[in-house]
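Text of the file work_18.json, holding JSON, N, CA and C atoms and all ligand atoms:
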```json
[["chain", "number", "residue", "atom", "x", "y", "z"],
["A", 1, "MET", "N", 2.77, 1.56, -27.82],
["A", 1, "MET", "CA", 2.15, 2.58, -26.96],
["A", 1, "MET", "C", 3.24, 3.32, -26.19],
["A", 2, "SER", "N", 3.27, 4.61, -26.33],
["A", 2, "SER", "CA", 4.33, 5.38, -25.68],
["A", 2, "SER", "C", 3.98, 5.68, -24.23],
["A", 3, "LEU", "N", 4.97, 6.19, -23.54],
["A", 3, "LEU", "CA", 4.76, 6.58, -22.15],
["A", 3, "LEU", "C", 3.71, 7.68, -22.03],
["A", 4, "GLU", "N", 3.70, 8.60, -23.01],
["A", 4, "GLU", "CA", 2.70, 9.67, -22.98],
["A", 4, "GLU", "C", 1.29, 9.13, -23.17],
["A", 5, "GLU", "N", 1.17, 8.11, -24.02],
["A", 5, "GLU", "CA", -0.15, 7.50, -24.22],
["A", 5, "GLU", "C", -0.59, 6.75, -22.96],
["A", 6, "ALA", "N", 0.37, 6.10, -22.31],
["A", 6, "ALA", "CA", 0.06, 5.40, -21.06],
["A", 6, "ALA", "C", -0.42, 6.40, -20.01],
["A", 7, "ARG", "N", 0.27, 7.52, -19.94],
["A", 7, "ARG", "CA", -0.10, 8.57, -18.98],
["A", 7, "ARG", "C", -1.52, 9.07, -19.27],
["A", 8, "ALA", "N", -1.81, 9.31, -20.54],
["A", 8, "ALA", "CA", -3.13, 9.82, -20.92],
["A", 8, "ALA", "C", -4.22, 8.80, -20.58],
["A", 9, "ALA", "N", -3.93, 7.52, -20.80],
["A", 9, "ALA", "CA", -4.93, 6.48, -20.53],
["A", 9, "ALA", "C", -5.27, 6.43, -19.04],
["A", 10, "VAL", "N", -4.24, 6.48, -18.21],
["A", 10, "VAL", "CA", -4.47, 6.39, -16.77],
["A", 10, "VAL", "C", -5.16, 7.66, -16.25],
["A", 11, "LEU", "N", -4.78, 8.80, -16.80],
["A", 11, "LEU", "CA", -5.44, 10.06, -16.39],
["A", 11, "LEU", "C", -6.93, 10.03, -16.75],
["A", 12, "ARG", "N", -7.25, 9.46, -17.91],
["A", 12, "ARG", "CA", -8.66, 9.33, -18.30],
["A", 12, "ARG", "C", -9.43, 8.48, -17.29],
["A", 13, "ASP", "N", -8.81, 7.38, -16.87],
["A", 13, "ASP", "CA", -9.49, 6.49, -15.93],
["A", 13, "ASP", "C", -9.64, 7.12, -14.55],
["A", 14, "LEU", "N", -8.64, 7.87, -14.15],
["A", 14, "LEU", "CA", -8.69, 8.51, -12.83],
["A", 14, "LEU", "C", -9.70, 9.65, -12.82],
["A", 15, "ALA", "N", -9.61, 10.50, -13.87],
["A", 15, "ALA", "CA", -10.51, 11.65, -13.99],
["A", 15, "ALA", "C", -10.57, 12.45, -12.69],
["A", 16, "ASP", "N", -9.42, 12.62, -12.06],
["A", 16, "ASP", "CA", -9.37, 13.37, -10.80],
["A", 16, "ASP", "C", -8.03, 14.11, -10.73],
["A", 17, "PRO", "N", -8.05, 15.42, -10.92],
["A", 17, "PRO", "CA", -6.80, 16.19, -10.96],
["A", 17, "PRO", "C", -5.99, 16.12, -9.66],
["A", 18, "THR", "N", -6.63, 15.67, -8.57],
["A", 18, "THR", "CA", -5.91, 15.48, -7.31],
["A", 18, "THR", "C", -4.69, 14.58, -7.50],
["A", 19, "TYR", "N", -4.81, 13.65, -8.43],
["A", 19, "TYR", "CA", -3.77, 12.63, -8.58],
["A", 19, "TYR", "C", -2.80, 12.91, -9.73],
["A", 20, "ASP", "N", -2.90, 14.08, -10.36],
["A", 20, "ASP", "CA", -2.04, 14.38, -11.50],
["A", 20, "ASP", "C", -0.56, 14.21, -11.17],
["A", 21, "GLU", "N", -0.18, 14.73, -9.99],
["A", 21, "GLU", "CA", 1.23, 14.69, -9.60],
["A", 21, "GLU", "C", 1.69, 13.25, -9.36],
["A", 22, "LEU", "N", 0.82, 12.49, -8.73],
["A", 22, "LEU", "CA", 1.10, 11.07, -8.47],
["A", 22, "LEU", "C", 1.31, 10.32, -9.79],
["A", 23, "VAL", "N", 0.46, 10.59, -10.76],
["A", 23, "VAL", "CA", 0.58, 9.93, -12.07],
["A", 23, "VAL", "C", 1.92, 10.31, -12.70],
["A", 24, "ASP", "N", 2.26, 11.58, -12.63],
["A", 24, "ASP", "CA", 3.52, 12.02, -13.23],
["A", 24, "ASP", "C", 4.72, 11.35, -12.57],
["A", 25, "ARG", "N", 4.65, 11.15, -11.26],
["A", 25, "ARG", "CA", 5.74, 10.45, -10.56],
["A", 25, "ARG", "C", 5.87, 9.02, -11.07],
["A", 26, "CYS", "N", 4.76, 8.33, -11.21],
["A", 26, "CYS", "CA", 4.78, 6.95, -11.71],
["A", 26, "CYS", "C", 5.32, 6.90, -13.14],
["A", 27, "VAL", "N", 4.90, 7.86, -13.96],
["A", 27, "VAL", "CA", 5.35, 7.92, -15.35],
["A", 27, "VAL", "C", 6.86, 8.14, -15.41],
["A", 28, "GLU", "N", 7.38, 9.02, -14.56],
["A", 28, "GLU", "CA", 8.82, 9.28, -14.57],
["A", 28, "GLU", "C", 9.62, 8.04, -14.17],
["A", 29, "GLN", "N", 9.09, 7.27, -13.21],
["A", 29, "GLN", "CA", 9.79, 6.04, -12.82],
["A", 29, "GLN", "C", 9.82, 5.05, -13.97],
["A", 30, "ARG", "N", 8.73, 4.97, -14.73],
["A", 30, "ARG", "CA", 8.69, 4.05, -15.87],
["A", 30, "ARG", "C", 9.53, 4.56, -17.04],
["A", 31, "ARG", "N", 9.75, 5.87, -17.10],
["A", 31, "ARG", "CA", 10.61, 6.41, -18.15],
["A", 31, "ARG", "C", 12.00, 5.81, -18.03],
["A", 32, "TRP", "N", 12.51, 5.78, -16.80],
["A", 32, "TRP", "CA", 13.81, 5.17, -16.56],
["A", 32, "TRP", "C", 13.77, 3.69, -16.95],
["A", 33, "TRP", "N", 12.74, 3.02, -16.54],
["A", 33, "TRP", "CA", 12.60, 1.58, -16.77],
["A", 33, "TRP", "C", 12.61, 1.25, -18.26],
["A", 34, "VAL", "N", 11.84, 2.02, -19.05],
["A", 34, "VAL", "CA", 11.73, 1.71, -20.47],
["A", 34, "VAL", "C", 13.00, 2.11, -21.22],
["A", 35, "GLU", "N", 13.79, 3.01, -20.64],
["A", 35, "GLU", "CA", 15.09, 3.33, -21.24],
["A", 35, "GLU", "C", 16.05, 2.14, -21.11],
["A", 36, "GLN", "N", 15.91, 1.39, -20.02],
["A", 36, "GLN", "CA", 16.75, 0.20, -19.82],
["A", 36, "GLN", "C", 16.26, -0.96, -20.68],
["A", 37, "TRP", "N", 14.96, -1.01, -20.93],
["A", 37, "TRP", "CA", 14.38, -2.13, -21.64],
["A", 37, "TRP", "C", 13.37, -1.61, -22.67],
["A", 38, "ALA", "N", 13.90, -1.26, -23.85],
["A", 38, "ALA", "CA", 13.06, -0.62, -24.86],
["A", 38, "ALA", "C", 11.94, -1.55, -25.32],
["A", 39, "ASN", "N", 12.18, -2.88, -25.27],
["A", 39, "ASN", "CA", 11.13, -3.83, -25.67],
["A", 39, "ASN", "C", 9.94, -3.82, -24.71],
["A", 40, "GLY", "N", 10.10, -3.13, -23.60],
["A", 40, "GLY", "CA", 9.01, -3.07, -22.63],
["A", 40, "GLY", "C", 7.94, -2.06, -22.99],
["A", 41, "GLU", "N", 8.17, -1.29, -24.03],
["A", 41, "GLU", "CA", 7.23, -0.22, -24.37],
["A", 41, "GLU", "C", 5.77, -0.67, -24.53],
["A", 42, "PRO", "N", 5.51, -1.84, -25.17],
["A", 42, "PRO", "CA", 4.10, -2.26, -25.31],
["A", 42, "PRO", "C", 3.40, -2.52, -23.98],
["A", 43, "PHE", "N", 4.18, -2.65, -22.91],
["A", 43, "PHE", "CA", 3.60, -2.98, -21.61],
["A", 43, "PHE", "C", 3.40, -1.75, -20.72],
["A", 44, "LEU", "N", 3.70, -0.58, -21.26],
["A", 44, "LEU", "CA", 3.70, 0.61, -20.41],
["A", 44, "LEU", "C", 2.33, 0.92, -19.83],
["A", 45, "VAL", "N", 1.28, 0.80, -20.63],
["A", 45, "VAL", "CA", -0.06, 1.12, -20.11],
["A", 45, "VAL", "C", -0.39, 0.21, -18.93],
["A", 46, "CYS", "N", -0.12, -1.07, -19.13],
["A", 46, "CYS", "CA", -0.38, -2.06, -18.10],
["A", 46, "CYS", "C", 0.38, -1.74, -16.81],
["A", 47, "LEU", "N", 1.64, -1.42, -16.96],
["A", 47, "LEU", "CA", 2.49, -1.20, -15.79],
["A", 47, "LEU", "C", 2.20, 0.13, -15.10],
["A", 48, "VAL", "N", 2.01, 1.18, -15.90],
["A", 48, "VAL", "CA", 1.72, 2.49, -15.31],
["A", 48, "VAL", "C", 0.39, 2.43, -14.57],
["A", 49, "ALA", "N", -0.60, 1.74, -15.14],
["A", 49, "ALA", "CA", -1.90, 1.61, -14.46],
["A", 49, "ALA", "C", -1.74, 0.92, -13.11],
["A", 50, "GLN", "N", -0.92, -0.11, -13.06],
["A", 50, "GLN", "CA", -0.72, -0.82, -11.78],
["A", 50, "GLN", "C", 0.07, 0.03, -10.79],
["A", 51, "ASP", "N", 1.09, 0.73, -11.29],
["A", 51, "ASP", "CA", 1.87, 1.61, -10.41],
["A", 51, "ASP", "C", 0.96, 2.68, -9.79],
["A", 52, "VAL", "N", 0.14, 3.28, -10.66],
["A", 52, "VAL", "CA", -0.74, 4.36, -10.19],
["A", 52, "VAL", "C", -1.76, 3.82, -9.21],
["A", 53, "GLN", "N", -2.32, 2.67, -9.53],
["A", 53, "GLN", "CA", -3.32, 2.11, -8.61],
["A", 53, "GLN", "C", -2.71, 1.86, -7.23],
["A", 54, "GLU", "N", -1.51, 1.32, -7.22],
["A", 54, "GLU", "CA", -0.86, 1.05, -5.95],
["A", 54, "GLU", "C", -0.66, 2.35, -5.16],
["A", 55, "ALA", "N", -0.25, 3.39, -5.86],
["A", 55, "ALA", "CA", -0.01, 4.68, -5.19],
["A", 55, "ALA", "C", -1.32, 5.31, -4.73],
["A", 56, "VAL", "N", -2.36, 5.21, -5.55],
["A", 56, "VAL", "CA", -3.66, 5.79, -5.18],
["A", 56, "VAL", "C", -4.23, 5.06, -3.97],
["A", 57, "HIS", "N", -3.94, 3.78, -3.86],
["A", 57, "HIS", "CA", -4.49, 3.00, -2.75],
["A", 57, "HIS", "C", -4.03, 3.48, -1.37],
["A", 58, "ALA", "N", -2.97, 4.26, -1.34],
["A", 58, "ALA", "CA", -2.55, 4.84, -0.06],
["A", 58, "ALA", "C", -3.63, 5.77, 0.49],
["A", 59, "THR", "N", -4.39, 6.41, -0.41],
["A", 59, "THR", "CA", -5.43, 7.32, 0.06],
["A", 59, "THR", "C", -6.83, 6.82, -0.28],
["A", 60, "ASP", "N", -6.96, 6.04, -1.34],
["A", 60, "ASP", "CA", -8.29, 5.57, -1.75],
["A", 60, "ASP", "C", -8.19, 4.08, -2.09],
["A", 61, "PRO", "N", -8.35, 3.22, -1.08],
["A", 61, "PRO", "CA", -8.08, 1.78, -1.27],
["A", 61, "PRO", "C", -9.08, 1.07, -2.18],
["A", 62, "THR", "N", -10.12, 1.73, -2.65],
["A", 62, "THR", "CA", -11.07, 1.04, -3.51],
["A", 62, "THR", "C", -11.05, 1.54, -4.95],
["A", 63, "TRP", "N", -10.05, 2.37, -5.33],
["A", 63, "TRP", "CA", -10.02, 2.84, -6.71],
["A", 63, "TRP", "C", -9.40, 1.80, -7.64],
["A", 64, "PRO", "N", -9.96, 1.57, -8.81],
["A", 64, "PRO", "CA", -11.29, 2.04, -9.24],
["A", 64, "PRO", "C", -12.38, 1.10, -8.73],
["A", 65, "LEU", "N", -13.42, 1.67, -8.19],
["A", 65, "LEU", "CA", -14.47, 0.87, -7.56],
["A", 65, "LEU", "C", -15.18, -0.02, -8.58],
["A", 66, "CYS", "N", -15.39, -1.27, -8.20],
["A", 66, "CYS", "CA", -16.17, -2.19, -9.04],
["A", 66, "CYS", "C", -17.62, -1.74, -9.02],
["A", 67, "ALA", "N", -18.15, -1.40, -10.20],
["A", 67, "ALA", "CA", -19.52, -0.87, -10.27],
["A", 67, "ALA", "C", -20.55, -1.96, -9.97],
["A", 68, "GLU", "N", -20.18, -3.20, -10.19],
["A", 68, "GLU", "CA", -21.14, -4.28, -9.96],
["A", 68, "GLU", "C", -21.32, -4.57, -8.47],
["A", 69, "HIS", "N", -20.21, -4.63, -7.74],
["A", 69, "HIS", "CA", -20.29, -5.02, -6.32],
["A", 69, "HIS", "C", -20.21, -3.83, -5.37],
["A", 70, "GLY", "N", -19.55, -2.75, -5.81],
["A", 70, "GLY", "CA", -19.53, -1.52, -5.03],
["A", 70, "GLY", "C", -18.72, -1.55, -3.75],
["A", 71, "ASP", "N", -17.94, -2.60, -3.52],
["A", 71, "ASP", "CA", -17.20, -2.65, -2.25],
["A", 71, "ASP", "C", -15.74, -3.06, -2.42],
["A", 72, "HIS", "N", -15.27, -3.12, -3.64],
["A", 72, "HIS", "CA", -13.86, -3.49, -3.84],
["A", 72, "HIS", "C", -13.37, -2.89, -5.15],
["A", 73, "PRO", "N", -12.04, -2.77, -5.27],
["A", 73, "PRO", "CA", -11.51, -2.20, -6.51],
["A", 73, "PRO", "C", -11.40, -3.23, -7.63],
["A", 74, "LEU", "N", -11.35, -2.73, -8.85],
["A", 74, "LEU", "CA", -10.99, -3.55, -10.01],
["A", 74, "LEU", "C", -9.47, -3.65, -10.06],
["A", 75, "PHE", "N", -8.97, -4.70, -10.69],
["A", 75, "PHE", "CA", -7.53, -4.85, -10.83],
["A", 75, "PHE", "C", -7.15, -5.03, -12.30],
["A", 76, "VAL", "N", -5.90, -4.66, -12.61],
["A", 76, "VAL", "CA", -5.41, -4.75, -13.98],
["A", 76, "VAL", "C", -5.00, -6.19, -14.27],
["A", 77, "GLU", "N", -5.49, -6.70, -15.37],
["A", 77, "GLU", "CA", -5.05, -8.02, -15.84],
["A", 77, "GLU", "C", -4.75, -7.95, -17.32],
["A", 78, "PRO", "N", -3.76, -8.67, -17.80],
["A", 78, "PRO", "CA", -2.79, -9.44, -17.00],
["A", 78, "PRO", "C", -1.79, -8.52, -16.32],
["A", 79, "ASP", "N", -0.91, -9.09, -15.48],
["A", 79, "ASP", "CA", 0.09, -8.29, -14.78],
["A", 79, "ASP", "C", 1.06, -7.64, -15.76],
["A", 80, "LEU", "N", 1.36, -8.35, -16.84],
["A", 80, "LEU", "CA", 2.28, -7.83, -17.85],
["A", 80, "LEU", "C", 1.73, -8.21, -19.22],
["A", 81, "GLY", "N", 0.97, -7.29, -19.80],
["A", 81, "GLY", "CA", 0.35, -7.59, -21.08],
["A", 81, "GLY", "C", 0.23, -6.35, -21.93],
["A", 82, "THR", "N", -0.11, -6.57, -23.19],
["A", 82, "THR", "CA", -0.18, -5.45, -24.13],
["A", 82, "THR", "C", -1.59, -4.90, -24.26],
["A", 83, "ASP", "N", -2.57, -5.59, -23.70],
["A", 83, "ASP", "CA", -3.96, -5.18, -23.87],
["A", 83, "ASP", "C", -4.68, -5.28, -22.51],
["A", 84, "PRO", "N", -4.25, -4.45, -21.55],
["A", 84, "PRO", "CA", -4.71, -4.63, -20.17],
["A", 84, "PRO", "C", -6.16, -4.19, -19.95],
["A", 85, "PHE", "N", -6.84, -4.92, -19.11],
["A", 85, "PHE", "CA", -8.22, -4.65, -18.73],
["A", 85, "PHE", "C", -8.33, -4.44, -17.23],
["A", 86, "TRP", "N", -9.31, -3.63, -16.85],
["A", 86, "TRP", "CA", -9.74, -3.58, -15.44],
["A", 86, "TRP", "C", -10.69, -4.76, -15.24],
["A", 87, "VAL", "N", -10.37, -5.59, -14.27],
["A", 87, "VAL", "CA", -11.12, -6.82, -14.06],
["A", 87, "VAL", "C", -11.64, -6.89, -12.64],
["A", 88, "CYS", "N", -12.88, -7.36, -12.49],
["A", 88, "CYS", "CA", -13.44, -7.64, -11.17],
["A", 88, "CYS", "C", -12.89, -8.99, -10.73],
["A", 89, "GLU", "N", -12.15, -9.00, -9.63],
["A", 89, "GLU", "CA", -11.53, -10.26, -9.21],
["A", 89, "GLU", "C", -12.54, -11.22, -8.60],
["A", 90, "ARG", "N", -13.68, -10.72, -8.18],
["A", 90, "ARG", "CA", -14.69, -11.60, -7.57],
["A", 90, "ARG", "C", -15.41, -12.40, -8.66],
["A", 91, "SER", "N", -15.84, -11.71, -9.71],
["A", 91, "SER", "CA", -16.54, -12.41, -10.79],
["A", 91, "SER", "C", -15.56, -12.91, -11.85],
["A", 92, "GLY", "N", -14.34, -12.33, -11.86],
["A", 92, "GLY", "CA", -13.35, -12.68, -12.88],
["A", 92, "GLY", "C", -13.65, -12.05, -14.23],
["A", 93, "LEU", "N", -14.63, -11.15, -14.27],
["A", 93, "LEU", "CA", -15.03, -10.58, -15.56],
["A", 93, "LEU", "C", -14.31, -9.27, -15.83],
["A", 94, "PRO", "N", -13.92, -9.07, -17.10],
["A", 94, "PRO", "CA", -13.32, -7.78, -17.48],
["A", 94, "PRO", "C", -14.39, -6.70, -17.48],
["A", 95, "PHE", "N", -14.02, -5.52, -16.99],
["A", 95, "PHE", "CA", -14.97, -4.42, -16.90],
["A", 95, "PHE", "C", -14.76, -3.43, -18.03],
["A", 96, "ALA", "N", -13.51, -3.04, -18.26],
["A", 96, "ALA", "CA", -13.19, -2.08, -19.33],
["A", 96, "ALA", "C", -11.70, -2.13, -19.60],
["A", 97, "PRO", "N", -11.30, -1.82, -20.85],
["A", 97, "PRO", "CA", -9.87, -1.70, -21.11],
["A", 97, "PRO", "C", -9.30, -0.53, -20.30],
["A", 98, "VAL", "N", -8.04, -0.64, -19.87],
["A", 98, "VAL", "CA", -7.38, 0.49, -19.22],
["A", 98, "VAL", "C", -7.40, 1.67, -20.17],
["A", 99, "GLY", "N", -7.87, 2.81, -19.70],
["A", 99, "GLY", "CA", -8.00, 4.00, -20.53],
["A", 99, "GLY", "C", -9.44, 4.25, -20.96],
["A", 100, "SER", "N", -10.32, 3.25, -20.75],
["A", 100, "SER", "CA", -11.73, 3.38, -21.18],
["A", 100, "SER", "C", -12.71, 3.18, -20.03],
["A", 101, "LEU", "N", -12.20, 3.27, -18.84],
["A", 101, "LEU", "CA", -13.04, 3.02, -17.65],
["A", 101, "LEU", "C", -14.24, 3.96, -17.64],
["A", 102, "ARG", "N", -14.02, 5.23, -17.98],
["A", 102, "ARG", "CA", -15.10, 6.22, -17.87],
["A", 102, "ARG", "C", -16.13, 6.05, -18.98],
["A", 103, "GLN", "N", -15.68, 5.66, -20.18],
["A", 103, "GLN", "CA", -16.64, 5.51, -21.29],
["A", 103, "GLN", "C", -17.61, 4.37, -21.02],
["A", 104, "LEU", "N", -17.07, 3.27, -20.44],
["A", 104, "LEU", "CA", -17.91, 2.08, -20.28],
["A", 104, "LEU", "C", -18.53, 2.01, -18.90],
["A", 105, "GLY", "N", -18.07, 2.85, -17.99],
["A", 105, "GLY", "CA", -18.57, 2.81, -16.62],
["A", 105, "GLY", "C", -19.96, 3.40, -16.49],
["A", 106, "PRO", "N", -20.46, 3.42, -15.27],
["A", 106, "PRO", "CA", -21.82, 3.92, -15.04],
["A", 106, "PRO", "C", -21.91, 5.42, -15.23],
["B", 201, "ZN", "ZN", -16.71, -6.79, -8.48]]
```
Now that the file is in, can you turn its structure into structure tokens?
Ligand SMILES: [Zn+2]
Amino acid sequence: MSLEEARAAVLRDLADPTYDELVDRCVEQRRWWVEQWANGEPFLVCLVAQDVQEAVHATDPTWPLCAEHGDHPLFVEPDLGTDPFWVCERSGLPFAPVGSLRQLGP
């Protein structure tokens, strides 16, 4: 999965042009990272999603909102994996793969 695919996946989940610049900043930071460690490429979606979530939390601490409980965000699991999911930490259940939040969401 390339950096561009990671960017596209996170933009799909955000679906909010307000954060386009923030996403691009996170992607640029990971560009440097993956140049140092080319084997890290399969983990880019996972890492970019976590970077973006952390940055979005400065303004929206509940993104992406858990549709089941409505009062807390979903988190990316695993921390470093090739097939990351948005997971509800309260129930421990996966909600949607990163990049598919909108298709499977309410
Ligand atoms: Zn929940």
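Going from atom C of His69 of chain A to atom CA of Pro94 of chain A covers 14.5 Å.
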Kindly provide the residues of chain A that approach ligand ZN 201 (chain B) to within 8 Å, each paired with its closest atom pair and their distance in Å to one decimal, based on all atoms listed in the file, listed by chain and increasing number, as CSV.
```
residue,atom,partner,partner_atom,distance
A:Leu65,C,B:ZN201,ZN,6.9
A:Cys66,CA,B:ZN201,ZN,4.7
A:Ala67,N,B:ZN201,ZN,5.8
A:Glu68,C,B:ZN201,ZN,5.1
A:His69,N,B:ZN201,ZN,4.2
A:Gly70,N,B:ZN201,ZN,5.6
A:Asp71,N,B:ZN201,ZN,6.6
A:His72,C,B:ZN201,ZN,6.1
A:Pro73,C,B:ZN201,ZN,6.4
A:Leu74,N,B:ZN201,ZN,6.7
A:Val87,C,B:ZN201,ZN,6.6
A:Cys88,CA,B:ZN201,ZN,4.3
A:Glu89,N,B:ZN201,ZN,5.2
A:Arg90,N,B:ZN201,ZN,5.0
A:Ser91,N,B:ZN201,ZN,5.1
A:Gly92,N,B:ZN201,ZN,6.9
A:Leu93,N,B:ZN201,ZN,7.5
```
Report as a Markdown table the residues of segment 51-90 of chain A within 9 Å of segment 15-38 of chain A, each with its shortest atom pair and distance in Å (one decimal), using only C-alpha atoms, ordered by chain and increasing residue number.
```
| residue | atom | partner | partner_atom | distance |
| --- | --- | --- | --- | --- |
| A:Asp51 | CA | A:Cys26 | CA | 6.2 |
| A:Val52 | CA | A:Val23 | CA | 6.0 |
| A:Ala55 | CA | A:Leu22 | CA | 7.3 |
| A:Val56 | CA | A:Tyr19 | CA | 7.6 |
```
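Atom pair atom C of Leu80 of chain A / atom N of Val48 of chain A has a distance of 10.0 Å (rounded to one decimal).
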As a CSV table (one decimal) with N, CA and C atoms, keeping the file's coordinate frame, please: the residues near Asp13 of chain A (cut-off 8 Å, only N, CA and C atoms, same-chain neighbours under 6 positions excluded).
```csv
chain,number,residue,atom,x,y,z
A,7,ARG,N,0.3,7.5,-19.9
A,7,ARG,CA,-0.1,8.6,-19.0
A,7,ARG,C,-1.5,9.1,-19.3
A,64,PRO,N,-10.0,1.6,-8.8
A,64,PRO,CA,-11.3,2.0,-9.2
A,64,PRO,C,-12.4,1.1,-8.7
A,98,VAL,N,-8.0,-0.6,-19.9
A,98,VAL,CA,-7.4,0.5,-19.2
A,98,VAL,C,-7.4,1.7,-20.2
A,99,GLY,N,-7.9,2.8,-19.7
A,99,GLY,CA,-8.0,4.0,-20.5
A,99,GLY,C,-9.4,4.2,-21.0
A,100,SER,N,-10.3,3.2,-20.8
A,100,SER,CA,-11.7,3.4,-21.2
A,100,SER,C,-12.7,3.2,-20.0
A,101,LEU,N,-12.2,3.3,-18.8
A,101,LEU,CA,-13.0,3.0,-17.6
A,101,LEU,C,-14.2,4.0,-17.6
A,102,ARG,N,-14.0,5.2,-18.0
A,102,ARG,CA,-15.1,6.2,-17.9
A,102,ARG,C,-16.1,6.0,-19.0
A,103,GLN,N,-15.7,5.7,-20.2
A,103,GLN,CA,-16.6,5.5,-21.3
A,103,GLN,C,-17.6,4.4,-21.0
```
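The nearest approach to Glu41 of chain A among the residues A:Leu11, A:Val76, A:Trp63, A:Thr82, with all atoms listed in the file taken into account, belongs to A:Thr82.
Atom N of Leu44 of chain A is positioned 11.2 Å from atom CA of Ala9 of chain A.
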Report the residues of chain A whose backbone DSSP state falls under strand (DSSP E or B), written as an MDAnalysis selection string.
chainID A and resid 65 73 75:77 85:87 94:97
Using DSSP secondary structure from the backbone, list all helix (DSSP H, G or I) positions within segment 12-79 of chain A, as a ChimeraX atom specification.
/A:12-14,17-36,38-56
For segment 3-18 of chain A, what centre and edge lengths in Å (one decimal) does the axis-aligned box get once 4 Å is added on each side of all its listed atoms, as JSON?
```
{"center_x": -2.8, "center_y": 10.8, "center_z": -15.8, "size_x": 23.5, "size_y": 18.8, "size_z": 24.9}
```
